[in-house]
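**Student:** Provided herewith: target-v1.cif, mmCIF, C-alpha atoms and all ligand atoms.
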data_run
loop_
_atom_site.group_PDB
_atom_site.id
_atom_site.type_symbol
_atom_site.label_atom_id
_atom_site.label_comp_id
_atom_site.auth_asym_id
_atom_site.auth_seq_id
_atom_site.Cartn_x
_atom_site.Cartn_y
_atom_site.Cartn_z
ATOM 1 C CA MET V 465 39.895 78.848 289.076
ATOM 2 C CA GLU V 466 39.598 82.202 287.246
ATOM 3 C CA PRO V 467 37.871 85.011 289.139
ATOM 4 C CA GLN V 468 34.669 86.259 287.514
ATOM 5 C CA PRO V 469 35.142 89.471 285.490
ATOM 6 C CA SER V 470 32.043 90.984 287.126
ATOM 7 C CA GLN V 471 33.514 90.405 290.582
ATOM 8 C CA ILE V 472 36.807 92.023 289.595
ATOM 9 C CA GLN V 473 34.880 94.963 288.188
ATOM 10 C CA ARG V 474 32.857 95.382 291.392
ATOM 11 C CA ALA V 475 36.021 95.444 293.447
ATOM 12 C CA ALA V 476 37.830 97.747 290.988
ATOM 13 C CA GLU V 477 34.982 100.265 291.092
ATOM 14 C CA ARG V 478 35.148 100.444 294.900
ATOM 15 C CA LEU V 479 38.906 100.808 294.761
ATOM 16 C CA ALA V 480 38.671 103.654 292.245
ATOM 17 C CA VAL V 481 36.572 105.867 294.542
ATOM 18 C CA ALA V 482 38.225 104.979 297.860
ATOM 19 C CA ASP V 483 40.201 107.724 299.616
ATOM 20 C CA ALA V 484 41.696 105.363 302.151
ATOM 21 C CA VAL V 485 42.931 101.922 301.169
ATOM 22 C CA ALA V 486 44.522 99.311 303.400
ATOM 23 C CA VAL V 487 46.080 96.067 302.205
ATOM 24 C CA LEU V 488 46.871 93.022 304.313
ATOM 25 C CA THR V 489 49.282 90.562 302.743
ATOM 26 C CA GLY V 490 50.582 87.127 303.646
ATOM 27 C CA ALA V 491 53.014 84.579 302.291
ATOM 28 C CA GLY V 492 50.884 83.880 299.203
ATOM 29 C CA ILE V 493 51.803 87.225 297.640
ATOM 30 C CA SER V 494 55.446 86.161 297.597
ATOM 31 C CA ALA V 495 54.782 82.619 296.370
ATOM 32 C CA GLU V 496 55.186 83.623 292.724
ATOM 33 C CA SER V 497 58.557 85.158 293.656
ATOM 34 C CA GLY V 498 59.662 81.721 294.819
ATOM 35 C CA VAL V 499 59.349 82.284 298.584
ATOM 36 C CA PRO V 500 57.848 79.185 300.237
ATOM 37 C CA THR V 501 54.557 79.690 302.090
ATOM 38 C CA PHE V 502 54.074 78.424 305.651
ATOM 39 C CA ARG V 503 51.069 76.194 305.223
ATOM 40 C CA GLY V 504 49.815 73.806 302.595
ATOM 41 C CA GLN V 505 53.058 72.101 301.618
ATOM 42 C CA GLY V 506 56.195 70.826 303.332
ATOM 43 C CA GLY V 507 57.131 73.101 306.186
ATOM 44 C CA LEU V 508 59.598 70.737 307.778
ATOM 45 C CA TRP V 509 63.281 71.525 308.141
ATOM 46 C CA GLU V 510 65.761 68.940 309.373
ATOM 47 C CA ASN V 511 62.781 67.221 310.998
ATOM 48 C CA HIS V 512 61.796 70.349 312.943
ATOM 49 C CA ARG V 513 58.496 72.145 312.515
ATOM 50 C CA PRO V 514 58.610 75.952 312.218
ATOM 51 C CA GLU V 515 56.397 76.110 315.304
ATOM 52 C CA GLU V 516 59.151 74.328 317.241
ATOM 53 C CA LEU V 517 61.895 76.703 316.066
ATOM 54 C CA ALA V 518 60.224 80.095 315.883
ATOM 55 C CA THR V 519 59.731 80.472 319.622
ATOM 56 C CA PRO V 520 61.596 82.221 322.449
ATOM 57 C CA ALA V 521 61.939 78.857 324.232
ATOM 58 C CA ALA V 522 63.605 77.229 321.202
ATOM 59 C CA PHE V 523 66.075 80.110 320.959
ATOM 60 C CA ALA V 524 66.868 79.950 324.682
ATOM 61 C CA ARG V 525 67.432 76.194 324.350
ATOM 62 C CA ASP V 526 69.581 76.205 321.228
ATOM 63 C CA PRO V 527 70.336 79.579 319.583
ATOM 64 C CA ALA V 528 72.743 77.994 317.084
ATOM 65 C CA LEU V 529 70.005 75.661 315.773
ATOM 66 C CA VAL V 530 67.501 78.491 315.438
ATOM 67 C CA TRP V 531 70.065 80.690 313.662
ATOM 68 C CA ARG V 532 70.883 77.850 311.249
ATOM 69 C CA TRP V 533 67.207 77.659 310.380
ATOM 70 C CA TYR V 534 66.964 81.425 309.781
ATOM 71 C CA HIS V 535 70.190 81.327 307.778
ATOM 72 C CA TRP V 536 68.622 78.631 305.567
ATOM 73 C CA ARG V 537 65.461 80.712 305.160
ATOM 74 C CA ARG V 538 67.495 83.828 304.356
ATOM 75 C CA GLY V 539 69.248 81.828 301.661
ATOM 76 C CA LEU V 540 65.906 80.786 300.151
ATOM 77 C CA ILE V 541 64.732 84.395 299.998
ATOM 78 C CA ALA V 542 67.960 86.217 299.113
ATOM 79 C CA ASP V 543 67.630 85.824 295.354
ATOM 80 C CA CYS V 544 63.839 86.244 295.198
ATOM 81 C CA ARG V 545 62.560 89.343 293.472
ATOM 82 C CA PRO V 546 59.206 91.156 293.742
ATOM 83 C CA ASN V 547 56.528 89.902 291.344
ATOM 84 C CA PRO V 548 53.673 91.717 289.549
ATOM 85 C CA ALA V 549 51.501 91.553 292.697
ATOM 86 C CA HIS V 550 54.076 93.521 294.722
ATOM 87 C CA ALA V 551 54.393 95.977 291.825
ATOM 88 C CA ALA V 552 50.612 96.455 291.602
ATOM 89 C CA LEU V 553 50.555 97.547 295.253
ATOM 90 C CA VAL V 554 53.281 100.111 294.525
ATOM 91 C CA ASP V 555 51.078 101.481 291.718
ATOM 92 C CA LEU V 556 48.068 101.535 294.020
ATOM 93 C CA GLU V 557 49.984 103.443 296.697
ATOM 94 C CA ALA V 558 51.072 106.031 294.118
ATOM 95 C CA ARG V 559 47.498 107.030 293.440
ATOM 96 C CA ALA V 560 45.564 106.384 296.660
ATOM 97 C CA HIS V 561 45.321 109.425 298.958
ATOM 98 C CA ASN V 562 45.728 107.387 302.062
ATOM 99 C CA PHE V 563 47.380 104.013 301.680
ATOM 100 C CA THR V 564 48.694 101.554 304.244
ATOM 101 C CA LEU V 565 50.233 98.201 303.448
ATOM 102 C CA ILE V 566 50.208 95.762 306.341
ATOM 103 C CA THR V 567 52.290 92.675 305.710
ATOM 104 C CA GLN V 568 52.810 89.541 307.739
ATOM 105 C CA ASN V 569 55.765 88.708 305.511
ATOM 106 C CA VAL V 570 59.311 89.003 306.779
ATOM 107 C CA ASP V 571 60.908 88.623 303.328
ATOM 108 C CA GLY V 572 61.328 92.358 302.630
ATOM 109 C CA LEU V 573 59.890 92.087 299.106
ATOM 110 C CA HIS V 574 57.337 94.902 299.548
ATOM 111 C CA PRO V 575 59.974 97.504 300.508
ATOM 112 C CA LEU V 576 62.224 96.123 297.755
ATOM 113 C CA ALA V 577 59.417 96.614 295.223
ATOM 114 C CA GLY V 578 59.083 100.242 296.350
ATOM 115 C CA SER V 579 56.170 100.211 298.787
ATOM 116 C CA GLY V 580 56.610 103.197 301.104
ATOM 117 C CA ASN V 581 54.026 102.997 303.856
ATOM 118 C CA CYS V 582 54.567 99.351 304.725
ATOM 119 C CA LEU V 583 54.049 97.946 308.208
ATOM 120 C CA GLU V 584 56.000 94.712 308.647
ATOM 121 C CA VAL V 585 53.962 93.489 311.607
ATOM 122 C CA HIS V 586 55.952 90.247 311.994
ATOM 123 C CA GLY V 587 59.317 92.000 311.587
ATOM 124 C CA SER V 588 61.985 91.367 308.974
ATOM 125 C CA ILE V 589 64.211 88.383 308.365
ATOM 126 C CA TRP V 590 66.953 90.858 307.400
ATOM 127 C CA ALA V 591 66.861 92.547 310.823
ATOM 128 C CA VAL V 592 68.575 91.450 314.011
ATOM 129 C CA GLN V 593 67.939 92.435 317.593
ATOM 130 C CA CYS V 594 70.365 92.273 320.488
ATOM 131 C CA MET V 595 69.215 90.245 323.482
ATOM 132 C CA ALA V 596 71.488 92.339 325.729
ATOM 133 C CA CYS V 597 71.231 96.003 324.661
ATOM 134 C CA GLY V 598 67.961 95.705 322.721
ATOM 135 C CA ARG V 599 69.299 97.511 319.617
ATOM 136 C CA ARG V 600 67.624 96.479 316.380
ATOM 137 C CA TYR V 601 69.320 96.929 313.014
ATOM 138 C CA GLU V 602 69.529 95.508 309.520
ATOM 139 C CA GLU V 603 72.227 92.892 309.065
ATOM 140 C CA ARG V 604 72.274 90.972 305.805
ATOM 141 C CA SER V 605 75.554 89.121 306.086
ATOM 142 C CA LEU V 606 76.163 87.019 309.149
ATOM 143 C CA ASP V 607 79.043 84.774 310.100
ATOM 144 C CA LEU V 608 77.231 81.831 311.605
ATOM 145 C CA ALA V 609 80.188 79.797 312.772
ATOM 146 C CA ALA V 610 78.652 80.616 316.163
ATOM 147 C CA PRO V 611 75.445 82.469 317.084
ATOM 148 C CA PRO V 612 76.123 86.048 315.948
ATOM 149 C CA ALA V 613 77.113 88.879 318.296
ATOM 150 C CA CYS V 614 75.843 92.459 318.447
ATOM 151 C CA LYS V 615 78.124 94.921 316.640
ATOM 152 C CA TRP V 616 77.515 97.457 319.416
ATOM 153 C CA CYS V 617 77.820 95.500 322.655
ATOM 154 C CA GLY V 618 78.812 91.939 321.707
ATOM 155 C CA GLY V 619 75.569 90.514 323.131
ATOM 156 C CA LEU V 620 73.726 87.590 321.537
ATOM 157 C CA LEU V 621 71.683 88.586 318.490
ATOM 158 C CA ARG V 622 68.297 87.139 317.686
ATOM 159 C CA PRO V 623 66.423 87.356 314.381
ATOM 160 C CA GLY V 624 64.329 90.539 314.101
ATOM 161 C CA VAL V 625 61.074 88.664 313.641
ATOM 162 C CA VAL V 626 58.068 87.998 315.843
ATOM 163 C CA TRP V 627 57.977 84.461 317.195
ATOM 164 C CA PHE V 628 55.052 82.280 318.252
ATOM 165 C CA GLY V 629 53.959 83.297 321.734
ATOM 166 C CA GLU V 630 55.329 86.846 321.377
ATOM 167 C CA SER V 631 53.379 90.077 321.101
ATOM 168 C CA LEU V 632 53.564 92.278 318.059
ATOM 169 C CA ASP V 633 55.241 95.675 318.447
ATOM 170 C CA PRO V 634 52.392 97.717 319.959
ATOM 171 C CA VAL V 635 53.237 100.846 317.945
ATOM 172 C CA VAL V 636 53.286 98.975 314.636
ATOM 173 C CA LEU V 637 50.140 97.020 315.521
ATOM 174 C CA GLY V 638 48.420 100.250 316.606
ATOM 175 C CA ARG V 639 49.122 101.816 313.219
ATOM 176 C CA ALA V 640 47.805 98.701 311.485
ATOM 177 C CA VAL V 641 44.596 98.732 313.539
ATOM 178 C CA GLU V 642 44.170 102.445 312.813
ATOM 179 C CA ALA V 643 44.569 101.834 309.067
ATOM 180 C CA ALA V 644 42.149 98.894 309.142
ATOM 181 C CA SER V 645 39.599 100.891 311.138
ATOM 182 C CA SER V 646 39.669 103.914 308.844
ATOM 183 C CA CYS V 647 39.971 102.461 305.330
ATOM 184 C CA GLN V 648 37.116 102.315 302.836
ATOM 185 C CA VAL V 649 38.537 99.347 300.978
ATOM 186 C CA MET V 650 40.743 96.603 302.327
ATOM 187 C CA LEU V 651 42.464 94.060 300.110
ATOM 188 C CA VAL V 652 43.431 90.812 301.832
ATOM 189 C CA VAL V 653 45.995 89.038 299.680
ATOM 190 C CA GLY V 654 47.575 85.600 299.975
ATOM 191 C CA THR V 655 47.012 84.876 303.636
ATOM 192 C CA SER V 656 45.467 81.811 305.223
ATOM 193 C CA ALA V 657 44.030 84.255 307.790
ATOM 194 C CA VAL V 658 44.612 81.985 310.758
ATOM 195 C CA VAL V 659 47.395 83.753 312.673
ATOM 196 C CA HIS V 660 46.134 86.469 314.991
ATOM 197 C CA PRO V 661 46.161 89.367 315.652
ATOM 198 C CA ALA V 662 47.117 90.126 312.014
ATOM 199 C CA ALA V 663 44.360 87.915 310.600
ATOM 200 C CA GLY V 664 41.754 89.822 312.622
ATOM 201 C CA LEU V 665 42.547 93.102 310.848
ATOM 202 C CA ALA V 666 40.303 92.103 307.954
ATOM 203 C CA MET V 667 37.324 91.781 310.298
ATOM 204 C CA THR V 668 38.322 95.057 311.987
ATOM 205 C CA ALA V 669 38.027 96.749 308.604
ATOM 206 C CA LYS V 670 34.720 95.050 307.825
ATOM 207 C CA GLU V 671 33.197 96.020 311.166
ATOM 208 C CA ALA V 672 34.286 99.612 310.599
ATOM 209 C CA GLY V 673 32.388 99.635 307.300
ATOM 210 C CA ALA V 674 35.099 98.887 304.752
ATOM 211 C CA PHE V 675 34.531 96.950 301.541
ATOM 212 C CA VAL V 676 36.755 93.902 301.931
ATOM 213 C CA VAL V 677 38.215 92.075 298.933
ATOM 214 C CA GLU V 678 40.049 88.796 299.316
ATOM 215 C CA ILE V 679 42.523 87.437 296.767
ATOM 216 C CA ASN V 680 43.656 83.873 297.331
ATOM 217 C CA LEU V 681 44.156 80.603 295.510
ATOM 218 C CA GLU V 682 41.620 78.917 297.754
ATOM 219 C CA PRO V 683 38.878 79.730 300.259
ATOM 220 C CA THR V 684 39.925 80.929 303.729
ATOM 221 C CA PRO V 685 38.017 81.512 306.986
ATOM 222 C CA ASN V 686 37.319 85.030 305.652
ATOM 223 C CA SER V 687 35.728 83.903 302.392
ATOM 224 C CA ALA V 688 32.271 83.514 303.910
ATOM 225 C CA TRP V 689 31.898 87.168 304.864
ATOM 226 C CA VAL V 690 34.162 89.263 302.614
ATOM 227 C CA ASP V 691 32.406 91.442 300.033
ATOM 228 C CA VAL V 692 34.288 89.966 297.096
ATOM 229 C CA SER V 693 36.413 86.848 297.019
ATOM 230 C CA LEU V 694 38.696 86.598 293.989
ATOM 231 C CA MET V 695 40.189 83.151 293.564
ATOM 232 C CA GLY V 696 43.409 83.146 291.597
ATOM 233 C CA LYS V 697 47.097 83.955 291.699
ATOM 234 C CA ALA V 698 47.903 87.294 293.290
ATOM 235 C CA GLY V 699 50.410 88.060 290.525
ATOM 236 C CA GLU V 700 47.665 87.734 287.940
ATOM 237 C CA VAL V 701 44.577 89.036 289.775
ATOM 238 C CA LEU V 702 46.069 92.071 291.535
ATOM 239 C CA PRO V 703 47.515 93.831 288.454
ATOM 240 C CA GLY V 704 44.135 93.414 286.744
ATOM 241 C CA LEU V 705 42.283 94.769 289.748
ATOM 242 C CA VAL V 706 44.549 97.778 290.232
ATOM 243 C CA GLY V 707 44.868 98.483 286.527
ATOM 244 C CA GLY V 708 41.136 98.204 286.045
ATOM 245 C CA SER V 709 40.146 100.700 288.739
HETATM 246 P P1 LIG V 801 50.240 80.818 304.942
HETATM 247 O O1 LIG V 801 51.320 79.968 304.390
HETATM 248 O O2 LIG V 801 49.520 80.369 306.154
HETATM 249 O O3 LIG V 801 49.134 81.040 303.842
HETATM 250 C C1 LIG V 801 49.459 81.376 302.513
HETATM 251 C C2 LIG V 801 48.166 81.634 301.774
HETATM 252 O O4 LIG V 801 48.508 82.123 300.487
HETATM 253 C C3 LIG V 801 47.284 80.420 301.599
HETATM 254 O O5 LIG V 801 45.955 80.776 301.958
HETATM 255 C C4 LIG V 801 47.388 80.107 300.100
HETATM 256 O O6 LIG V 801 46.174 79.594 299.574
HETATM 257 C C5 LIG V 801 47.675 81.472 299.539
HETATM 258 N N1 LIG V 801 48.440 81.478 298.284
HETATM 259 C C6 LIG V 801 49.484 80.681 297.934
HETATM 260 N N2 LIG V 801 49.961 81.033 296.738
HETATM 261 C C7 LIG V 801 49.217 82.101 296.317
HETATM 262 C C8 LIG V 801 49.227 82.928 295.147
HETATM 263 N N3 LIG V 801 50.111 82.758 294.159
HETATM 264 N N4 LIG V 801 48.316 83.920 295.067
HETATM 265 C C9 LIG V 801 47.398 84.110 296.055
HETATM 266 N N5 LIG V 801 47.348 83.365 297.171
HETATM 267 C C10 LIG V 801 48.247 82.377 297.301
HETATM 268 O O7 LIG V 801 50.885 82.275 305.135
HETATM 269 P P2 LIG V 801 50.384 83.479 306.063
HETATM 270 O O8 LIG V 801 48.910 83.613 306.038
HETATM 271 O O9 LIG V 801 51.188 84.652 305.643
HETATM 272 O O10 LIG V 801 53.987 84.212 311.222
HETATM 273 O O11 LIG V 801 50.860 82.997 307.483
HETATM 274 C C11 LIG V 801 50.646 83.868 308.555
HETATM 275 C C12 LIG V 801 51.770 83.758 309.533
HETATM 276 O O12 LIG V 801 51.964 82.405 309.920
HETATM 277 C C13 LIG V 801 53.132 84.165 309.010
HETATM 278 O O13 LIG V 801 53.363 85.553 308.994
HETATM 279 C C14 LIG V 801 54.053 83.498 309.989
HETATM 280 C C15 LIG V 801 53.383 82.139 310.092
HETATM 281 O O14 LIG V 801 53.536 81.525 311.286
HETATM 282 C C16 LIG V 801 55.084 84.417 311.942
HETATM 283 O O15 LIG V 801 56.177 84.025 311.582
HETATM 284 C C17 LIG V 801 54.860 85.146 313.225
#
Write the structure described by the file as structure tokens, please.
**Tutor:**
Amino acid sequence: MEPQPSQIQRAAERLAVADAVAVLTGAGISAESGVPTFRGQGGLWENHRPEELATPAAFARDPALVWRWYHWRRGLIADCRPNPAHAALVDLEARAHNFTLITQNVDGLHPLAGSGNCLEVHGSIWAVQCMACGRRYEERSLDLAAPPACKWCGGLLRPGVVWFGESLDPVVLGRAVEAASSCQVMLVVGTSAVVHPAAGLAMTAKEAGAFVVEINLEPTPNSAWVDVSLMGKAGEVLPGLVGGS
């Protein structure tokens, strides 16, 4: 379905006069880059559901299995490149006075596209964290003959992502809440808006008085109350919205 030109124009006008803009993105913004989304299609890997692998209990039970899954996901993402939706957010950041990008994605495509103020609230698939010394660092190449070891202390490494049942980094989440609470316009792009607390940031912005614009292929739980809902591909709608403001 094509979004209505008048709706795009309404949103673009708000964007043009906003001093503070926040953007919340989900897997849908990377779909046109070839990164699989979580919901809506497939989701199974070697007969395991992501919900059964992306948990502290699964890692404690079988770290090698969990690492094999992340290695597979890293392989899916490694050759993916940012698409026009990622690029549009870089353009938006360049001209907004106060801009915060909050992403649930762990694929690293926003930083790769050139987004500066980007909060990766669910971590990064390219980061590792040591279970023993707690150090966190980027590690793109891993020898997975066995679960990988920390380069500093030799302890067991885990993926640097947030798992089901874990809390988000309170500092990163605090900055995201602050951005959502103080923006005049929030764009909510390519998220099913069902995983909290990230999903709740859109309502935080709305309750604080922001004009909230959703961009998605299909309706979400937010569609009923956002100010403008633009149905379409992020890579097509977002450049038009940003370029038209
Ligand atoms: P989902 O896979 O739940 O939702 C993707 C959304 O993107 C859906 O609403 C699609 O309709 C929409 N979509 C797909 N292609 C699109 C396109 N080209 N343009 C616009 N929209 C498109 O992904 P998330 O909402 O990001 O958490 O999932 C949230 C969290 O659930 C993830 O961060 C992950 C997962 O469990 C953790 O790993 C902690």
**Student:** Can you work out which one of V:Gln473, V:Asp607, V:Ile679, V:Arg478 has the shortest atom-to-atom distance to Ala528 of chain V, counting all atoms listed in the file?
**Tutor:**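 Answer, going by the shortest atom-to-atom distance: V:Asp607.
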**Student:** Report as a list in words all protein, DNA and RNA residues lying within 7 Å of segment 583-585 of chain V, evaluated on only C-alpha atoms, omitting residues in the same chain fewer than 5 positions from it.
**Tutor:**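 Here the qualifying residues turn out to be Leu565, Ile566, Thr567, Gln568, Asn569, Val570, Leu632, Val636 and Leu637 of chain V.
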**Student:** Which is closer to ligand LIG 801 (chain V) than all the others in V:Arg525, V:Arg538, V:His660, V:Arg532, using all atoms listed in the file?
**Tutor:**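 Smallest separation from ligand LIG 801 (chain V) among the options: V:His660.
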**Student:** How many Å lie between atom CA of Leu529 of chain V and atom CA of Pro500 of chain V, rounded to one decimal?
**Tutor:**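 Interatomic distance, atom CA of Leu529 of chain V to atom CA of Pro500 of chain V: 20.0 Å.
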**Student:** At a cut-off of 6 Å and counting all atoms listed in the file, what residues surround ligand LIG 801 (chain V)? Please answer as JSON, numbers by chain.
**Tutor:** {"V": [490, 491, 492, 493, 495, 496, 501, 502, 503, 568, 569, 586, 626, 627, 628, 654, 655, 656, 657, 659, 679, 680, 681, 682, 697, 698]}
